$ cat upload-v3.pdb   # PDB, C-alpha atoms, pLDDT in the B column
ATOM      1  CA  MET A   1      99.993 109.671  51.409  1.00 51.00           C
ATOM      2  CA  ASN A   2      98.196 112.801  50.219  1.00 58.00           C
ATOM      3  CA  GLN A   3      96.605 113.338  46.813  1.00 63.00           C
ATOM      4  CA  ARG A   4      99.613 115.123  45.333  1.00 62.00           C
ATOM      5  CA  GLN A   5     101.896 112.274  46.358  1.00 55.00           C
ATOM      6  CA  ARG A   6      99.567 109.660  44.900  1.00 56.00           C
ATOM      7  CA  GLN A   7      99.680 111.442  41.549  1.00 60.00           C
ATOM      8  CA  LYS A   8     103.431 110.967  41.229  1.00 70.00           C
ATOM      9  CA  ILE A   9     104.519 107.914  39.323  1.00 75.00           C
ATOM     10  CA  ILE A  10     107.615 106.029  40.400  1.00 79.00           C
ATOM     11  CA  PRO A  11     108.194 103.184  37.907  1.00 85.00           C
ATOM     12  CA  SER A  12     109.184  99.829  39.327  1.00 87.00           C
ATOM     13  CA  THR A  13     109.137  97.848  36.062  1.00 90.00           C
ATOM     14  CA  TRP A  14     110.561  98.954  32.726  1.00 92.00           C
ATOM     15  CA  ILE A  15     109.790  97.247  29.423  1.00 92.00           C
ATOM     16  CA  ILE A  16     111.408  97.804  26.047  1.00 92.00           C
ATOM     17  CA  ALA A  17     109.099  96.373  23.416  1.00 92.00           C
ATOM     18  CA  MET A  18     110.284  95.834  19.868  1.00 92.00           C
ATOM     19  CA  LYS A  19     107.543  95.412  17.290  1.00 90.00           C
ATOM     20  CA  LEU A  20     108.699  93.440  14.289  1.00 86.00           C
ATOM     21  CA  THR A  21     106.942  94.205  11.025  1.00 81.00           C
ATOM     22  CA  LYS A  22     107.814  93.138   7.496  1.00 81.00           C
ATOM     23  CA  ALA A  23     109.229  96.557   6.714  1.00 82.00           C
ATOM     24  CA  ARG A  24     111.006  97.624   9.926  1.00 86.00           C
ATOM     25  CA  LYS A  25     111.476  97.456  13.678  1.00 88.00           C
ATOM     26  CA  TYR A  26     109.661  99.820  16.021  1.00 90.00           C
ATOM     27  CA  TYR A  27     110.740 100.451  19.662  1.00 92.00           C
ATOM     28  CA  VAL A  28     108.595 101.536  22.619  1.00 91.00           C
ATOM     29  CA  LEU A  29     109.615 102.077  26.246  1.00 91.00           C
ATOM     30  CA  TYR A  30     107.016 101.357  28.940  1.00 91.00           C
ATOM     31  CA  ALA A  31     107.173 102.174  32.645  1.00 90.00           C
ATOM     32  CA  ILE A  32     104.855 100.506  35.169  1.00 90.00           C
ATOM     33  CA  ASP A  33     104.256 101.649  38.741  1.00 88.00           C
ATOM     34  CA  TRP A  34     102.630  98.617  40.392  1.00 88.00           C
ATOM     35  CA  LYS A  35     101.919 100.397  43.668  1.00 86.00           C
ATOM     36  CA  ARG A  36      99.871 103.184  42.103  1.00 82.00           C
ATOM     37  CA  GLY A  37      98.527 101.213  39.144  1.00 85.00           C
ATOM     38  CA  ALA A  38     100.060 103.639  36.679  1.00 84.00           C
ATOM     39  CA  ARG A  39     101.835 103.239  33.387  1.00 87.00           C
ATOM     40  CA  LEU A  40     103.669 105.535  31.005  1.00 87.00           C
ATOM     41  CA  SER A  41     105.041 105.030  27.523  1.00 88.00           C
ATOM     42  CA  TRP A  42     107.502 106.714  25.212  1.00 87.00           C
ATOM     43  CA  GLU A  43     107.253 105.594  21.622  1.00 85.00           C
ATOM     44  CA  GLY A  44     108.294 106.395  18.113  1.00 82.00           C
ATOM     45  CA  TRP A  45     111.800 105.043  17.633  1.00 85.00           C
ATOM     46  CA  SER A  46     112.873 103.031  14.627  1.00 89.00           C
ATOM     47  CA  SER A  47     116.419 102.724  15.959  1.00 89.00           C
ATOM     48  CA  LEU A  48     117.483 101.274  19.300  1.00 88.00           C
ATOM     49  CA  ALA A  49     120.437 103.669  19.404  1.00 89.00           C
ATOM     50  CA  ASP A  50     118.076 106.664  19.251  1.00 89.00           C
ATOM     51  CA  LEU A  51     115.937 105.227  22.044  1.00 89.00           C
ATOM     52  CA  LEU A  52     118.975 104.679  24.274  1.00 88.00           C
ATOM     53  CA  GLN A  53     120.010 108.336  23.921  1.00 89.00           C
ATOM     54  CA  PHE A  54     116.593 109.644  25.005  1.00 87.00           C
ATOM     55  CA  HIS A  55     116.494 111.154  28.522  1.00 86.00           C
ATOM     56  CA  ILE A  56     113.495 109.943  30.534  1.00 83.00           C
ATOM     57  CA  PRO A  57     112.019 112.145  33.266  1.00 76.00           C
ATOM     58  CA  ILE A  58     111.651 110.123  36.480  1.00 70.00           C
ATOM     59  CA  LYS A  59     110.722 110.814  40.086  1.00 60.00           C
ATOM     60  CA  ARG A  60     113.274 110.035  42.772  1.00 58.00           C
ATOM     61  CA  LYS A  61     110.839 109.374  45.625  1.00 58.00           C
ATOM     62  CA  THR A  62     107.226 109.866  46.608  1.00 57.00           C
ATOM     63  CA  GLY A  63     106.627 113.266  48.139  1.00 57.00           C
ATOM     64  CA  GLY A  64     109.912 114.645  46.857  1.00 59.00           C
ATOM     65  CA  THR A  65     109.983 117.872  44.924  1.00 62.00           C
ATOM     66  CA  LYS A  66     112.927 116.906  42.753  1.00 64.00           C
ATOM     67  CA  SER A  67     112.480 115.302  39.396  1.00 65.00           C
ATOM     68  CA  SER A  68     115.382 114.354  37.196  1.00 71.00           C
ATOM     69  CA  SER A  69     116.052 112.458  34.038  1.00 77.00           C
ATOM     70  CA  GLN A  70     118.063 109.392  33.165  1.00 79.00           C
ATOM     71  CA  PRO A  71     119.266 108.244  29.780  1.00 83.00           C
ATOM     72  CA  ALA A  72     117.274 105.281  28.503  1.00 86.00           C
ATOM     73  CA  ALA A  73     120.565 103.393  28.168  1.00 87.00           C
ATOM     74  CA  LYS A  74     120.844 103.287  31.969  1.00 87.00           C
ATOM     75  CA  ILE A  75     117.242 102.105  32.322  1.00 88.00           C
ATOM     76  CA  ALA A  76     117.680  99.525  29.545  1.00 87.00           C
ATOM     77  CA  LYS A  77     120.040  97.531  31.778  1.00 88.00           C
ATOM     78  CA  LYS A  78     117.167  96.688  34.128  1.00 89.00           C
ATOM     79  CA  ALA A  79     114.334  96.692  31.567  1.00 91.00           C
ATOM     80  CA  LEU A  80     112.556  93.613  30.294  1.00 92.00           C
ATOM     81  CA  SER A  81     113.011  93.201  26.571  1.00 91.00           C
ATOM     82  CA  LEU A  82     110.047  91.895  24.589  1.00 92.00           C
ATOM     83  CA  HIS A  83     110.215  91.022  20.893  1.00 91.00           C
ATOM     84  CA  LEU A  84     106.663  91.133  19.612  1.00 92.00           C
ATOM     85  CA  ASN A  85     104.983  90.561  16.277  1.00 90.00           C
ATOM     86  CA  GLU A  86     102.148  92.828  15.143  1.00 90.00           C
ATOM     87  CA  THR A  87      99.433  90.739  16.841  1.00 92.00           C
ATOM     88  CA  GLN A  88     101.273  90.558  20.167  1.00 92.00           C
ATOM     89  CA  TYR A  89     102.005  94.285  20.002  1.00 91.00           C
ATOM     90  CA  GLY A  90      98.290  94.903  19.452  1.00 92.00           C
ATOM     91  CA  GLU A  91      97.581  92.928  22.652  1.00 93.00           C
ATOM     92  CA  LEU A  92     100.103  95.086  24.512  1.00 92.00           C
ATOM     93  CA  GLU A  93      98.489  98.279  23.197  1.00 91.00           C
ATOM     94  CA  GLN A  94      95.044  97.074  24.328  1.00 93.00           C
ATOM     95  CA  LEU A  95      96.431  96.194  27.745  1.00 91.00           C
ATOM     96  CA  PHE A  96      98.014  99.624  28.035  1.00 89.00           C
ATOM     97  CA  TYR A  97      94.752 101.473  27.407  1.00 89.00           C
ATOM     98  CA  GLN A  98      92.476  99.240  29.520  1.00 90.00           C
ATOM     99  CA  PRO A  99      91.848  99.863  33.234  1.00 90.00           C
ATOM    100  CA  PHE A 100      94.945  98.744  35.153  1.00 88.00           C
ATOM    101  CA  SER A 101      95.052  95.070  36.125  1.00 89.00           C
ATOM    102  CA  LYS A 102      98.199  93.649  37.742  1.00 90.00           C
ATOM    103  CA  LYS A 103      97.115  90.122  36.918  1.00 92.00           C
ATOM    104  CA  GLN A 104      96.735  90.829  33.188  1.00 93.00           C
ATOM    105  CA  TRP A 105     100.019  92.752  33.010  1.00 90.00           C
ATOM    106  CA  ARG A 106     101.981  90.063  34.841  1.00 90.00           C
ATOM    107  CA  SER A 107     100.548  87.236  32.748  1.00 93.00           C
ATOM    108  CA  PHE A 108     101.321  89.127  29.516  1.00 93.00           C
ATOM    109  CA  ILE A 109     104.864  89.900  30.642  1.00 90.00           C
ATOM    110  CA  GLN A 110     105.519  86.318  31.790  1.00 90.00           C
ATOM    111  CA  GLU A 111     104.111  84.828  28.603  1.00 90.00           C
ATOM    112  CA  HIS A 112     106.151  86.991  26.258  1.00 88.00           C
ATOM    113  CA  ALA A 113     109.329  87.346  28.341  1.00 82.00           C
ATOM    114  CA  ASN A 114     109.688  83.563  28.596  1.00 67.00           C
ATOM    115  CA  ASN A 115     109.274  83.119  24.841  1.00 59.00           C
ATOM    116  CA  HIS A 116     112.022  85.559  23.905  1.00 51.00           C
ATOM    117  CA  MET A 117     114.792  85.379  26.490  1.00 42.00           C
TER     118      MET A 117
END

$ encode --input "upload-v3.pdb" --output "structure tokens"
Amino acid sequence: MNQRQRQKIIPSTWIIAMKLTKARKYYVLYAIDWKRGARLSWEGWSSLADLLQFHIPIKRKTGGTKSSSQPAAKIAKKALSLHLNETQYGELEQLFYQPFSKKQWRSFIQEHANNHM
């Protein structure tokens, strides 16, 4: 795999995180590429319906020149859904901005996915 191919991100895990505050709900979509140790996020929705209408740019395959988009509604079918309070969401934000660690990501996902399914 050459350098250009390594720079492409092909998400294998999708997470929809809902932060619950006293005033409102806040939605964030995360994409994780385990193979390349990469992660992306799209944030800023206060309505799940608005998030599901958003078109997400994704790569079809490594080395391919084509890039397309999918509606978040299609991705939401296979995404993990996490319902987090403000403290848990803060942990997720810290994890997102730290150097990539599969072990930390998997333990966070397992801990919070099991509590809210």

$ closest_residue --input "upload-v3.pdb" --among "A:Ile32, A:Leu51, A:Ile56, A:Leu84" --to "Phe100 in chain A" --atoms "all atoms listed in the file"
A:Ile32

$ residues_around --input "upload-v3.pdb" --residues "range 105-112 of chain A" --least-positions-apart "2" --cutoff "10 Å" --atoms "only C-alpha atoms" --output "list in words"
Ile15, Ile32, Trp34, Leu80, Ser81, Leu82, His83, Leu84, Gln88, Glu91, Leu92, Leu95, Phe96, Phe100, Ser101, Lys102, Lys103, Asn114, Asn115, His116 and Met117 of chain A

$ resolve_selection --input "upload-v3.pdb" --expression "the PyMOL selection byres ((chain A and resi 47) around 8)" --output "MDAnalysis selection string"
chainID A and resid 25:27 45:46 48:51

$ closest_residue --input "upload-v3.pdb" --among "A:Lys22, A:Gln94, A:Ile9, A:Trp42" --to "Ala72 in chain A" --atoms "all atoms listed in the file"
A:Trp42

$ residues_around --input "upload-v3.pdb" --residues "Glu86 in chain A" --least-positions-apart "2" --cutoff "8 Å" --atoms "only C-alpha atoms" --output "list in words"
Lys19, Leu20, Thr21, Leu84, Gln88, Tyr89 and Gly90 of chain A

$ atom_distance --input "upload-v3.pdb" --atom1 "CA of Asn85 in chain A" --atom2 "CA of Pro71 in chain A"
26.4 Å

$ atom_distance --input "upload-v3.pdb" --atom1 "CA of Ile58 in chain A" --atom2 "CA of Trp14 in chain A"
11.8 Å

$ atom_distance --input "upload-v3.pdb" --atom1 "CA of Thr13 in chain A" --atom2 "CA of Ala31 in chain A"
5.9 Å

$ resolve_selection --input "upload-v3.pdb" --expression "the PyMOL selection byres ((chain A and resi 74) around 12)" --output "ChimeraX atom specification"
/A:14,51-56,69-73,75-79

$ write_last_selection --input "upload-v3.pdb" --atoms "C-alpha atoms" --output "compact mmCIF listing (two decimals), in the frame of the given file"
# COMPACT_ATOMS: atom_id res chain seq x y z
CA TRP A 14 110.56 98.95 32.73
CA LEU A 51 115.94 105.23 22.04
CA LEU A 52 118.98 104.68 24.27
CA GLN A 53 120.01 108.34 23.92
CA PHE A 54 116.59 109.64 25.00
CA HIS A 55 116.49 111.15 28.52
CA ILE A 56 113.50 109.94 30.53
CA SER A 69 116.05 112.46 34.04
CA GLN A 70 118.06 109.39 33.16
CA PRO A 71 119.27 108.24 29.78
CA ALA A 72 117.27 105.28 28.50
CA ALA A 73 120.56 103.39 28.17
CA ILE A 75 117.24 102.10 32.32
CA ALA A 76 117.68 99.52 29.54
CA LYS A 77 120.04 97.53 31.78
CA LYS A 78 117.17 96.69 34.13
CA ALA A 79 114.33 96.69 31.57

$ decode --input "upload-v3.pdb" --residues "range 18-55 of chain A" --atoms "N, CA, C and O atoms" --output "JSON list (two decimals), in the first residue's frame"
[["chain", "number", "residue", "atom", "x", "y", "z"],
["A", 18, "MET", "N", -25.33, 10.04, 21.47],
["A", 18, "MET", "CA", -26.30, 11.05, 21.87],
["A", 18, "MET", "C", -25.91, 11.52, 23.26],
["A", 18, "MET", "O", -25.84, 10.73, 24.20],
["A", 19, "LYS", "N", -25.60, 12.80, 23.36],
["A", 19, "LYS", "CA", -25.25, 13.39, 24.65],
["A", 19, "LYS", "C", -26.52, 13.96, 25.26],
["A", 19, "LYS", "O", -27.20, 14.78, 24.65],
["A", 20, "LEU", "N", -26.83, 13.50, 26.45],
["A", 20, "LEU", "CA", -28.01, 13.98, 27.15],
["A", 20, "LEU", "C", -27.61, 15.05, 28.14],
["A", 20, "LEU", "O", -26.79, 14.81, 29.03],
["A", 21, "THR", "N", -28.15, 16.23, 27.99],
["A", 21, "THR", "CA", -27.94, 17.30, 28.95],
["A", 21, "THR", "C", -29.30, 17.66, 29.55],
["A", 21, "THR", "O", -30.33, 17.17, 29.10],
["A", 22, "LYS", "N", -29.29, 18.51, 30.53],
["A", 22, "LYS", "CA", -30.56, 18.92, 31.16],
["A", 22, "LYS", "C", -31.45, 19.67, 30.17],
["A", 22, "LYS", "O", -32.66, 19.54, 30.20],
["A", 23, "ALA", "N", -30.82, 20.42, 29.29],
["A", 23, "ALA", "CA", -31.59, 21.27, 28.37],
["A", 23, "ALA", "C", -32.00, 20.56, 27.08],
["A", 23, "ALA", "O", -33.08, 20.79, 26.56],
["A", 24, "ARG", "N", -31.10, 19.71, 26.53],
["A", 24, "ARG", "CA", -31.40, 19.14, 25.20],
["A", 24, "ARG", "C", -30.56, 17.91, 24.92],
["A", 24, "ARG", "O", -29.72, 17.53, 25.70],
["A", 25, "LYS", "N", -30.82, 17.33, 23.75],
["A", 25, "LYS", "CA", -30.03, 16.20, 23.25],
["A", 25, "LYS", "C", -29.10, 16.73, 22.16],
["A", 25, "LYS", "O", -29.45, 17.67, 21.44],
["A", 26, "TYR", "N", -27.95, 16.10, 22.03],
["A", 26, "TYR", "CA", -26.95, 16.52, 21.06],
["A", 26, "TYR", "C", -26.41, 15.26, 20.39],
["A", 26, "TYR", "O", -26.00, 14.33, 21.08],
["A", 27, "TYR", "N", -26.42, 15.20, 19.04],
["A", 27, "TYR", "CA", -26.03, 14.00, 18.30],
["A", 27, "TYR", "C", -24.70, 14.21, 17.58],
["A", 27, "TYR", "O", -24.45, 15.27, 17.00],
["A", 28, "VAL", "N", -23.87, 13.16, 17.60],
["A", 28, "VAL", "CA", -22.58, 13.16, 16.91],
["A", 28, "VAL", "C", -22.42, 11.82, 16.21],
["A", 28, "VAL", "O", -22.78, 10.77, 16.77],
["A", 29, "LEU", "N", -21.90, 11.84, 15.01],
["A", 29, "LEU", "CA", -21.63, 10.61, 14.25],
["A", 29, "LEU", "C", -20.11, 10.43, 14.18],
["A", 29, "LEU", "O", -19.39, 11.34, 13.76],
["A", 30, "TYR", "N", -19.65, 9.25, 14.59],
["A", 30, "TYR", "CA", -18.21, 8.94, 14.55],
["A", 30, "TYR", "C", -17.99, 7.78, 13.58],
["A", 30, "TYR", "O", -18.81, 6.86, 13.51],
["A", 31, "ALA", "N", -16.86, 7.82, 12.90],
["A", 31, "ALA", "CA", -16.44, 6.74, 12.01],
["A", 31, "ALA", "C", -15.04, 6.33, 12.43],
["A", 31, "ALA", "O", -14.17, 7.19, 12.63],
["A", 32, "ILE", "N", -14.82, 5.01, 12.58],
["A", 32, "ILE", "CA", -13.51, 4.51, 12.98],
["A", 32, "ILE", "C", -13.01, 3.54, 11.93],
["A", 32, "ILE", "O", -13.73, 2.64, 11.51],
["A", 33, "ASP", "N", -11.78, 3.74, 11.50],
["A", 33, "ASP", "CA", -11.09, 2.83, 10.59],
["A", 33, "ASP", "C", -10.01, 2.13, 11.41],
["A", 33, "ASP", "O", -8.95, 2.69, 11.68],
["A", 34, "TRP", "N", -10.31, 0.91, 11.85],
["A", 34, "TRP", "CA", -9.40, 0.17, 12.73],
["A", 34, "TRP", "C", -8.08, -0.14, 12.05],
["A", 34, "TRP", "O", -7.02, -0.08, 12.66],
["A", 35, "LYS", "N", -8.13, -0.45, 10.77],
["A", 35, "LYS", "CA", -6.92, -0.86, 10.05],
["A", 35, "LYS", "C", -5.89, 0.27, 9.97],
["A", 35, "LYS", "O", -4.69, 0.04, 10.10],
["A", 36, "ARG", "N", -6.34, 1.48, 9.75],
["A", 36, "ARG", "CA", -5.44, 2.61, 9.61],
["A", 36, "ARG", "C", -5.33, 3.46, 10.87],
["A", 36, "ARG", "O", -4.63, 4.46, 10.89],
["A", 37, "GLY", "N", -6.08, 3.10, 11.90],
["A", 37, "GLY", "CA", -6.03, 3.86, 13.15],
["A", 37, "GLY", "C", -6.55, 5.27, 12.98],
["A", 37, "GLY", "O", -6.03, 6.21, 13.58],
["A", 38, "ALA", "N", -7.60, 5.42, 12.20],
["A", 38, "ALA", "CA", -8.13, 6.75, 11.91],
["A", 38, "ALA", "C", -9.55, 6.88, 12.42],
["A", 38, "ALA", "O", -10.26, 5.89, 12.58],
["A", 39, "ARG", "N", -9.93, 8.11, 12.68],
["A", 39, "ARG", "CA", -11.30, 8.37, 13.10],
["A", 39, "ARG", "C", -11.74, 9.73, 12.58],
["A", 39, "ARG", "O", -10.94, 10.65, 12.45],
["A", 40, "LEU", "N", -13.02, 9.81, 12.28],
["A", 40, "LEU", "CA", -13.65, 11.04, 11.79],
["A", 40, "LEU", "C", -14.89, 11.30, 12.60],
["A", 40, "LEU", "O", -15.50, 10.37, 13.15],
["A", 41, "SER", "N", -15.32, 12.54, 12.65],
["A", 41, "SER", "CA", -16.58, 12.84, 13.33],
["A", 41, "SER", "C", -17.33, 13.93, 12.58],
["A", 41, "SER", "O", -16.73, 14.78, 11.93],
["A", 42, "TRP", "N", -18.63, 13.86, 12.69],
["A", 42, "TRP", "CA", -19.53, 14.89, 12.18],
["A", 42, "TRP", "C", -20.44, 15.23, 13.33],
["A", 42, "TRP", "O", -21.12, 14.36, 13.87],
["A", 43, "GLU", "N", -20.45, 16.48, 13.74],
["A", 43, "GLU", "CA", -21.22, 16.83, 14.93],
["A", 43, "GLU", "C", -22.01, 18.10, 14.73],
["A", 43, "GLU", "O", -21.80, 18.83, 13.77],
["A", 44, "GLY", "N", -22.92, 18.33, 15.66],
["A", 44, "GLY", "CA", -23.67, 19.58, 15.64],
["A", 44, "GLY", "C", -25.16, 19.44, 15.42],
["A", 44, "GLY", "O", -25.80, 20.40, 15.03],
["A", 45, "TRP", "N", -25.71, 18.27, 15.63],
["A", 45, "TRP", "CA", -27.15, 18.09, 15.41],
["A", 45, "TRP", "C", -27.89, 18.05, 16.74],
["A", 45, "TRP", "O", -27.50, 17.37, 17.67],
["A", 46, "SER", "N", -28.99, 18.75, 16.80],
["A", 46, "SER", "CA", -29.85, 18.68, 17.98],
["A", 46, "SER", "C", -31.08, 17.82, 17.68],
["A", 46, "SER", "O", -31.87, 17.56, 18.56],
["A", 47, "SER", "N", -31.19, 17.37, 16.44],
["A", 47, "SER", "CA", -32.31, 16.54, 16.03],
["A", 47, "SER", "C", -31.79, 15.31, 15.28],
["A", 47, "SER", "O", -30.97, 15.44, 14.37],
["A", 48, "LEU", "N", -32.27, 14.15, 15.67],
["A", 48, "LEU", "CA", -31.87, 12.92, 15.00],
["A", 48, "LEU", "C", -32.32, 12.91, 13.54],
["A", 48, "LEU", "O", -31.61, 12.44, 12.66],
["A", 49, "ALA", "N", -33.46, 13.48, 13.26],
["A", 49, "ALA", "CA", -33.97, 13.54, 11.88],
["A", 49, "ALA", "C", -33.01, 14.34, 10.99],
["A", 49, "ALA", "O", -32.77, 13.95, 9.84],
["A", 50, "ASP", "N", -32.47, 15.43, 11.49],
["A", 50, "ASP", "CA", -31.51, 16.22, 10.71],
["A", 50, "ASP", "C", -30.23, 15.43, 10.45],
["A", 50, "ASP", "O", -29.68, 15.47, 9.36],
["A", 51, "LEU", "N", -29.76, 14.71, 11.47],
["A", 51, "LEU", "CA", -28.56, 13.88, 11.30],
["A", 51, "LEU", "C", -28.78, 12.82, 10.23],
["A", 51, "LEU", "O", -27.93, 12.60, 9.38],
["A", 52, "LEU", "N", -29.93, 12.18, 10.24],
["A", 52, "LEU", "CA", -30.20, 11.09, 9.30],
["A", 52, "LEU", "C", -30.32, 11.57, 7.86],
["A", 52, "LEU", "O", -30.15, 10.79, 6.93],
["A", 53, "GLN", "N", -30.58, 12.84, 7.64],
["A", 53, "GLN", "CA", -30.65, 13.38, 6.28],
["A", 53, "GLN", "C", -29.30, 13.82, 5.74],
["A", 53, "GLN", "O", -29.15, 14.02, 4.55],
["A", 54, "PHE", "N", -28.30, 13.94, 6.61],
["A", 54, "PHE", "CA", -26.97, 14.38, 6.21],
["A", 54, "PHE", "C", -26.31, 13.33, 5.32],
["A", 54, "PHE", "O", -26.39, 12.14, 5.60],
["A", 55, "HIS", "N", -25.66, 13.75, 4.23],
["A", 55, "HIS", "CA", -24.95, 12.84, 3.35],
["A", 55, "HIS", "C", -23.47, 12.82, 3.73],
["A", 55, "HIS", "O", -22.81, 13.85, 3.76]]
